[in-house]
Amino acid sequence: MTVTEQEITDYVARVRAALADLPPARRDELTEDLPDHLAEVAAEAHGTLVERLGEPEAYAAELRAAAGAPASGRNLDQRVAAAVVRARGRLRTIDTRLGPPLGYETASDFLRLLRPGWWVLRGYLAAMLVTVITTGGSFGLLPRFGGELLAGLIMLGGFLLASIWIGRRSTRLRRWPRWALHAGSVVLVVFAFAALVQAEDRMRYDDYSYGPTAVDSQYEQVRDVFVYDSEGRLVENARLFDQNGDPIRLGYPDCADPADIYGKPLLRPYPYCPDQAPFGPRAPGVPVPPAAPTTAPTTSPEPTTTPEPTTTPVPTGTATGQPTVGPTATPSGVPSPSATG
Amino acid sequence: MDTTQLLKGVLDLAVLAVLREEDGYGYDILRRLREAGLEEVGDASVYGTLRRLFAAGLLTTYVVPSESGPHRKYYSLNAAGRDQLTRSGKLWRSFATTMDSLLDDRGLAA
């Protein structure tokens, strides 16, 4: 006999070491007969045990597979897999416990009935995500594609059908497409949550109805916007847009407007109430009076056609101004409006 | 697909089958499997399968002392083991028939 007791003992020790991750009882159950078995093998065959049977680690792996023991838990992947199996077991317990209160055998039976609902919701969320991407962050409840409601609704229909189609086939997907689908669903759920939080904020601050562009709170007290051209004339029917082409909505029409031809108060151009312009109109043809000699040149930023510096009040943004001081006012030594700034 | 892969699924059945006629000890069972044509089967696979079938209550064991070498642990089928062999055998036959006809169909179509 070419195999010694010592060789068998060593071989068994290495096999047991390779199975060290198993519960001790399971490992003992697998290896308790191994010395005897190896002695049989040694008695039948020639050469060393390693020559006959291969390395103990390989023997252990084969033994593990044949005996139906879990794969080696030594590397992280397998430890994670074992944890997943345990978690699944626990989830299954919860599943069956929660079922009866819901009126079903298991909670997942109940949830499975809700799946078509989720498919529809998923299609809607995908359409809203595209809405946010194409319109640059502002959105309501209906999808829009680049600001177009009709295109958005068509997109919504397409996404709903696609989501349902995918949902009915998801069980047949291969591994990677299925992972991609799950990842996409997670993105949509996160997006939906973020959108809900934002909508909740907007509703709580009650400026929900004031239009698509959020404005900073520093404009909260603005009720109307008056645009003056370089001549100091009030520009009527002015519209303001931001860099995305979205209308900038400031204030709200609070005067009765007979010229509300659009029927949509929020689409009305500025100013909403021209009567309330802070600066009066300059009468056509009235030359700007020359500055009183005593009046020092002002630093008015507004260019005028008047060759010399004037006291012409200009909308320098200091709308606190004295509305009575207009271009029609007689020139005097009163402080220039620019001094009111 | 190699034989090793196929063996994983049917080694239980193969071990039960070689024990149907006659009891055997580990190395003897391995030798019988190899003689029957399952040359790729490994010692650890047979040993592990025997441990598992024993733990499942399908086999009983007894030790036979030997004059010339170490004593040997013999495995034999018990009633549950025979029952399992019958059921698994039927399952295998129907599976094999299905595979055969599938392969024949494909062969004819080609």
# chains A, B, ... in the order shown; residues from 1 in each chain; ligands from 1
>>> select_by_dssp(residues="chain B", states="strand (DSSP E or B)", output="number ranges by chain")
B: 24-25, 59-64, 72-77
>>> write_last_selection(atoms="C-alpha atoms", output="PDB file, in the first residue's frame")
ATOM      1  CA  GLY B  24     -21.584  -1.837  -2.717  1.00  0.00           C
ATOM      2  CA  TYR B  25     -18.982   0.290  -0.986  1.00  0.00           C
ATOM      3  CA  LEU B  59     -29.815   4.060   1.771  1.00  0.00           C
ATOM      4  CA  THR B  60     -28.745   1.959   4.709  1.00  0.00           C
ATOM      5  CA  THR B  61     -25.141   1.153   5.532  1.00  0.00           C
ATOM      6  CA  TYR B  62     -23.241  -1.635   7.165  1.00  0.00           C
ATOM      7  CA  VAL B  63     -19.546  -2.188   7.703  1.00  0.00           C
ATOM      8  CA  VAL B  64     -17.775  -5.309   6.460  1.00  0.00           C
ATOM      9  CA  ARG B  72     -15.539  -1.277   4.016  1.00  0.00           C
ATOM     10  CA  LYS B  73     -18.778   0.591   4.403  1.00  0.00           C
ATOM     11  CA  TYR B  74     -21.428  -0.980   2.248  1.00  0.00           C
ATOM     12  CA  TYR B  75     -24.471   0.880   1.036  1.00  0.00           C
ATOM     13  CA  SER B  76     -27.739  -0.825   0.190  1.00  0.00           C
ATOM     14  CA  LEU B  77     -31.104   0.360  -1.066  1.00  0.00           C
TER      15      LEU B  77
END
>>> residues_around(residues="segment 14-16 of chain B", least_positions_apart="4", cutoff="9 Å", atoms="only C-alpha atoms", output="list in words")
Leu7, Val10, Arg20, Ile29, Leu30, Leu33, Val46, Thr49, Leu50, Leu53, Leu58, Leu59, Ser76, Leu77, Gly81, Arg82, Gln84 and Leu85 of chain B
>>> write_last_selection(atoms="C-alpha atoms", output="PDB file, in the first residue's frame")
ATOM      1  CA  LEU B   7     -24.219  13.666 -14.869  1.00  0.00           C
ATOM      2  CA  VAL B  10     -28.775  11.969 -13.040  1.00  0.00           C
ATOM      3  CA  ARG B  20     -30.369  -2.172  -7.196  1.00  0.00           C
ATOM      4  CA  ILE B  29     -19.817   1.830  -6.777  1.00  0.00           C
ATOM      5  CA  LEU B  30     -17.510   4.234  -8.587  1.00  0.00           C
ATOM      6  CA  LEU B  33     -20.438   3.344 -12.762  1.00  0.00           C
ATOM      7  CA  VAL B  46     -20.021   9.498  -5.874  1.00  0.00           C
ATOM      8  CA  THR B  49     -24.032  11.536  -3.622  1.00  0.00           C
ATOM      9  CA  LEU B  50     -23.879   8.541  -1.315  1.00  0.00           C
ATOM     10  CA  LEU B  53     -28.839   9.761  -0.406  1.00  0.00           C
ATOM     11  CA  LEU B  58     -32.817   6.207   0.850  1.00  0.00           C
ATOM     12  CA  LEU B  59     -29.815   4.060   1.771  1.00  0.00           C
ATOM     13  CA  SER B  76     -27.739  -0.825   0.190  1.00  0.00           C
ATOM     14  CA  LEU B  77     -31.104   0.360  -1.066  1.00  0.00           C
ATOM     15  CA  GLY B  81     -34.598   3.991  -2.018  1.00  0.00           C
ATOM     16  CA  ARG B  82     -36.285   1.410  -4.247  1.00  0.00           C
ATOM     17  CA  GLN B  84     -37.278   6.564  -5.365  1.00  0.00           C
ATOM     18  CA  LEU B  85     -35.469   4.529  -7.988  1.00  0.00           C
TER      19      LEU B  85
END
>>> interface_residues(of="chain A", to="chain B", cutoff="9 Å", atoms="only C-alpha atoms", output="ChimeraX atom specification")
/A:29-31,33-34,36-41,43-44,53,58-68
>>> residues_around(residues="segment 141-153 of chain A", least_positions_apart="2", cutoff="8 Å", atoms="only C-alpha atoms", output="ChimeraX atom specification")
/A:127-128,130-131,134-135,139,155-157
>>> write_last_selection(atoms="C-alpha atoms", output="PDB file, in the first residue's frame")
ATOM      1  CA  ALA A 127     -43.678  60.243 -20.299  1.00  0.00           C
ATOM      2  CA  MET A 128     -43.355  62.723 -17.446  1.00  0.00           C
ATOM      3  CA  VAL A 130     -39.293  62.929 -20.933  1.00  0.00           C
ATOM      4  CA  THR A 131     -41.441  66.001 -20.265  1.00  0.00           C
ATOM      5  CA  THR A 134     -37.431  68.260 -22.891  1.00  0.00           C
ATOM      6  CA  THR A 135     -39.040  71.248 -21.217  1.00  0.00           C
ATOM      7  CA  PHE A 139     -43.981  70.515 -15.620  1.00  0.00           C
ATOM      8  CA  MET A 155     -46.003  60.167 -26.411  1.00  0.00           C
ATOM      9  CA  LEU A 156     -47.990  59.205 -23.309  1.00  0.00           C
ATOM     10  CA  GLY A 157     -50.144  56.836 -25.355  1.00  0.00           C
TER      11      GLY A 157
END
>>> atom_distance(atom1="atom CA of Pro271 of chain A", atom2="atom CA of Val227 of chain A")
7.6 Å
>>> residues_around(residues="segment 233-240 of chain A", least_positions_apart="4", cutoff="8 Å", atoms="only C-alpha atoms", output="number ranges by chain")
A: 226-229, 247-249, 268-271, 274, 277, 281-282
>>> write_last_selection(atoms="C-alpha atoms", output="tab-separated table (two decimals), in the first residue's frame")
chain	number	residue	atom	x	y	z
A	226	PHE	CA	-43.96	98.03	-17.13
A	227	VAL	CA	-41.51	98.06	-20.00
A	228	TYR	CA	-40.22	101.40	-21.31
A	229	ASP	CA	-38.35	101.80	-24.53
A	247	PRO	CA	-42.78	82.79	-20.56
A	248	ILE	CA	-41.77	84.65	-17.43
A	249	ARG	CA	-44.80	85.30	-15.33
A	268	ARG	CA	-51.84	88.40	-21.15
A	269	PRO	CA	-48.93	90.59	-22.12
A	270	TYR	CA	-47.43	93.18	-19.87
A	271	PRO	CA	-48.45	95.48	-18.50
A	274	PRO	CA	-51.39	100.15	-18.35
A	277	ALA	CA	-47.99	102.86	-15.13
A	281	PRO	CA	-46.59	109.03	-21.15
A	282	ARG	CA	-44.73	111.80	-22.82
>>> decode(residues="segment 17-56 of chain B", atoms="N, CA and C atoms", output="PDB file, in the first residue's frame")
ATOM      1  N   ALA B  17     -29.344   3.038  -9.284  1.00  0.00           N
ATOM      2  CA  ALA B  17     -29.480   1.933 -10.234  1.00  0.00           C
ATOM      3  C   ALA B  17     -28.394   0.877 -10.016  1.00  0.00           C
ATOM      4  N   VAL B  18     -27.145   1.308  -9.788  1.00  0.00           N
ATOM      5  CA  VAL B  18     -26.098   0.288  -9.621  1.00  0.00           C
ATOM      6  C   VAL B  18     -26.233  -0.437  -8.281  1.00  0.00           C
ATOM      7  N   LEU B  19     -26.989   0.186  -7.343  1.00  0.00           N
ATOM      8  CA  LEU B  19     -27.171  -0.493  -6.061  1.00  0.00           C
ATOM      9  C   LEU B  19     -28.386  -1.409  -6.066  1.00  0.00           C
ATOM     10  N   ARG B  20     -29.154  -1.371  -7.167  1.00  0.00           N
ATOM     11  CA  ARG B  20     -30.369  -2.172  -7.196  1.00  0.00           C
ATOM     12  C   ARG B  20     -30.045  -3.660  -7.160  1.00  0.00           C
ATOM     13  N   GLU B  21     -29.031  -4.060  -7.956  1.00  0.00           N
ATOM     14  CA  GLU B  21     -28.696  -5.477  -8.045  1.00  0.00           C
ATOM     15  C   GLU B  21     -27.942  -5.955  -6.810  1.00  0.00           C
ATOM     16  N   GLU B  22     -27.007  -5.087  -6.368  1.00  0.00           N
ATOM     17  CA  GLU B  22     -26.066  -5.574  -5.369  1.00  0.00           C
ATOM     18  C   GLU B  22     -25.581  -4.420  -4.512  1.00  0.00           C
ATOM     19  N   ASP B  23     -25.430  -4.646  -3.208  1.00  0.00           N
ATOM     20  CA  ASP B  23     -24.872  -3.613  -2.338  1.00  0.00           C
ATOM     21  C   ASP B  23     -23.428  -3.340  -2.731  1.00  0.00           C
ATOM     22  N   GLY B  24     -22.969  -2.142  -2.364  1.00  0.00           N
ATOM     23  CA  GLY B  24     -21.584  -1.837  -2.717  1.00  0.00           C
ATOM     24  C   GLY B  24     -20.989  -0.811  -1.788  1.00  0.00           C
ATOM     25  N   TYR B  25     -19.672  -0.754  -1.759  1.00  0.00           N
ATOM     26  CA  TYR B  25     -18.982   0.290  -0.986  1.00  0.00           C
ATOM     27  C   TYR B  25     -18.526   1.365  -1.969  1.00  0.00           C
ATOM     28  N   GLY B  26     -18.076   2.492  -1.436  1.00  0.00           N
ATOM     29  CA  GLY B  26     -17.825   3.677  -2.247  1.00  0.00           C
ATOM     30  C   GLY B  26     -17.033   3.439  -3.515  1.00  0.00           C
ATOM     31  N   TYR B  27     -15.838   2.864  -3.341  1.00  0.00           N
ATOM     32  CA  TYR B  27     -14.994   2.738  -4.515  1.00  0.00           C
ATOM     33  C   TYR B  27     -15.570   1.715  -5.498  1.00  0.00           C
ATOM     34  N   ASP B  28     -16.235   0.729  -4.945  1.00  0.00           N
ATOM     35  CA  ASP B  28     -16.866  -0.304  -5.774  1.00  0.00           C
ATOM     36  C   ASP B  28     -17.977   0.304  -6.639  1.00  0.00           C
ATOM     37  N   ILE B  29     -18.739   1.182  -6.033  1.00  0.00           N
ATOM     38  CA  ILE B  29     -19.817   1.830  -6.777  1.00  0.00           C
ATOM     39  C   ILE B  29     -19.238   2.693  -7.896  1.00  0.00           C
ATOM     40  N   LEU B  30     -18.171   3.412  -7.574  1.00  0.00           N
ATOM     41  CA  LEU B  30     -17.510   4.234  -8.587  1.00  0.00           C
ATOM     42  C   LEU B  30     -17.031   3.371  -9.753  1.00  0.00           C
ATOM     43  N   ARG B  31     -16.469   2.266  -9.424  1.00  0.00           N
ATOM     44  CA  ARG B  31     -15.942   1.377 -10.463  1.00  0.00           C
ATOM     45  C   ARG B  31     -17.077   0.833 -11.334  1.00  0.00           C
ATOM     46  N   ARG B  32     -18.179   0.473 -10.691  1.00  0.00           N
ATOM     47  CA  ARG B  32     -19.307  -0.052 -11.464  1.00  0.00           C
ATOM     48  C   ARG B  32     -19.867   1.011 -12.407  1.00  0.00           C
ATOM     49  N   LEU B  33     -19.934   2.261 -11.908  1.00  0.00           N
ATOM     50  CA  LEU B  33     -20.438   3.344 -12.762  1.00  0.00           C
ATOM     51  C   LEU B  33     -19.521   3.535 -13.961  1.00  0.00           C
ATOM     52  N   ARG B  34     -18.224   3.485 -13.706  1.00  0.00           N
ATOM     53  CA  ARG B  34     -17.271   3.697 -14.798  1.00  0.00           C
ATOM     54  C   ARG B  34     -17.327   2.542 -15.784  1.00  0.00           C
ATOM     55  N   GLU B  35     -17.485   1.330 -15.234  1.00  0.00           N
ATOM     56  CA  GLU B  35     -17.565   0.180 -16.141  1.00  0.00           C
ATOM     57  C   GLU B  35     -18.822   0.250 -16.987  1.00  0.00           C
ATOM     58  N   ALA B  36     -19.877   0.832 -16.428  1.00  0.00           N
ATOM     59  CA  ALA B  36     -21.126   0.945 -17.187  1.00  0.00           C
ATOM     60  C   ALA B  36     -21.039   2.012 -18.262  1.00  0.00           C
ATOM     61  N   GLY B  37     -19.952   2.825 -18.242  1.00  0.00           N
ATOM     62  CA  GLY B  37     -19.785   3.816 -19.301  1.00  0.00           C
ATOM     63  C   GLY B  37     -19.720   5.247 -18.830  1.00  0.00           C
ATOM     64  N   LEU B  38     -19.972   5.471 -17.542  1.00  0.00           N
ATOM     65  CA  LEU B  38     -19.899   6.847 -17.018  1.00  0.00           C
ATOM     66  C   LEU B  38     -18.469   7.135 -16.581  1.00  0.00           C
ATOM     67  N   GLU B  39     -17.600   7.304 -17.574  1.00  0.00           N
ATOM     68  CA  GLU B  39     -16.180   7.378 -17.229  1.00  0.00           C
ATOM     69  C   GLU B  39     -15.783   8.697 -16.574  1.00  0.00           C
ATOM     70  N   GLU B  40     -16.565   9.722 -16.812  1.00  0.00           N
ATOM     71  CA  GLU B  40     -16.167  11.032 -16.250  1.00  0.00           C
ATOM     72  C   GLU B  40     -16.504  11.180 -14.771  1.00  0.00           C
ATOM     73  N   VAL B  41     -17.267  10.245 -14.228  1.00  0.00           N
ATOM     74  CA  VAL B  41     -17.740  10.435 -12.861  1.00  0.00           C
ATOM     75  C   VAL B  41     -16.554  10.428 -11.895  1.00  0.00           C
ATOM     76  N   GLY B  42     -16.591  11.384 -10.963  1.00  0.00           N
ATOM     77  CA  GLY B  42     -15.482  11.543 -10.034  1.00  0.00           C
ATOM     78  C   GLY B  42     -15.770  10.895  -8.700  1.00  0.00           C
ATOM     79  N   ASP B  43     -14.693  10.573  -7.996  1.00  0.00           N
ATOM     80  CA  ASP B  43     -14.839   9.908  -6.700  1.00  0.00           C
ATOM     81  C   ASP B  43     -15.615  10.776  -5.717  1.00  0.00           C
ATOM     82  N   ALA B  44     -15.273  12.056  -5.707  1.00  0.00           N
ATOM     83  CA  ALA B  44     -15.943  12.945  -4.749  1.00  0.00           C
ATOM     84  C   ALA B  44     -17.430  13.047  -5.056  1.00  0.00           C
ATOM     85  N   SER B  45     -17.780  13.010  -6.341  1.00  0.00           N
ATOM     86  CA  SER B  45     -19.203  13.091  -6.708  1.00  0.00           C
ATOM     87  C   SER B  45     -19.950  11.882  -6.172  1.00  0.00           C
ATOM     88  N   VAL B  46     -19.355  10.704  -6.340  1.00  0.00           N
ATOM     89  CA  VAL B  46     -20.021   9.498  -5.874  1.00  0.00           C
ATOM     90  C   VAL B  46     -20.112   9.495  -4.350  1.00  0.00           C
ATOM     91  N   TYR B  47     -19.003   9.855  -3.718  1.00  0.00           N
ATOM     92  CA  TYR B  47     -19.005   9.883  -2.257  1.00  0.00           C
ATOM     93  C   TYR B  47     -20.048  10.872  -1.739  1.00  0.00           C
ATOM     94  N   GLY B  48     -20.051  12.069  -2.362  1.00  0.00           N
ATOM     95  CA  GLY B  48     -21.017  13.091  -1.936  1.00  0.00           C
ATOM     96  C   GLY B  48     -22.451  12.647  -2.172  1.00  0.00           C
ATOM     97  N   THR B  49     -22.678  12.010  -3.321  1.00  0.00           N
ATOM     98  CA  THR B  49     -24.032  11.536  -3.622  1.00  0.00           C
ATOM     99  C   THR B  49     -24.467  10.468  -2.618  1.00  0.00           C
ATOM    100  N   LEU B  50     -23.546   9.581  -2.288  1.00  0.00           N
ATOM    101  CA  LEU B  50     -23.879   8.541  -1.315  1.00  0.00           C
ATOM    102  C   LEU B  50     -24.230   9.160   0.033  1.00  0.00           C
ATOM    103  N   ARG B  51     -23.436  10.178   0.448  1.00  0.00           N
ATOM    104  CA  ARG B  51     -23.718  10.837   1.727  1.00  0.00           C
ATOM    105  C   ARG B  51     -25.099  11.468   1.693  1.00  0.00           C
ATOM    106  N   ARG B  52     -25.436  12.072   0.543  1.00  0.00           N
ATOM    107  CA  ARG B  52     -26.703  12.782   0.458  1.00  0.00           C
ATOM    108  C   ARG B  52     -27.880  11.806   0.439  1.00  0.00           C
ATOM    109  N   LEU B  53     -27.746  10.737  -0.344  1.00  0.00           N
ATOM    110  CA  LEU B  53     -28.839   9.761  -0.406  1.00  0.00           C
ATOM    111  C   LEU B  53     -29.034   9.096   0.960  1.00  0.00           C
ATOM    112  N   PHE B  54     -27.901   8.895   1.643  1.00  0.00           N
ATOM    113  CA  PHE B  54     -27.983   8.300   2.982  1.00  0.00           C
ATOM    114  C   PHE B  54     -28.711   9.259   3.934  1.00  0.00           C
ATOM    115  N   ALA B  55     -28.315  10.535   3.851  1.00  0.00           N
ATOM    116  CA  ALA B  55     -28.956  11.533   4.721  1.00  0.00           C
ATOM    117  C   ALA B  55     -30.442  11.659   4.399  1.00  0.00           C
ATOM    118  N   ALA B  56     -30.806  11.409   3.128  1.00  0.00           N
ATOM    119  CA  ALA B  56     -32.216  11.510   2.733  1.00  0.00           C
ATOM    120  C   ALA B  56     -33.002  10.258   3.118  1.00  0.00           C
TER     121      ALA B  56
END
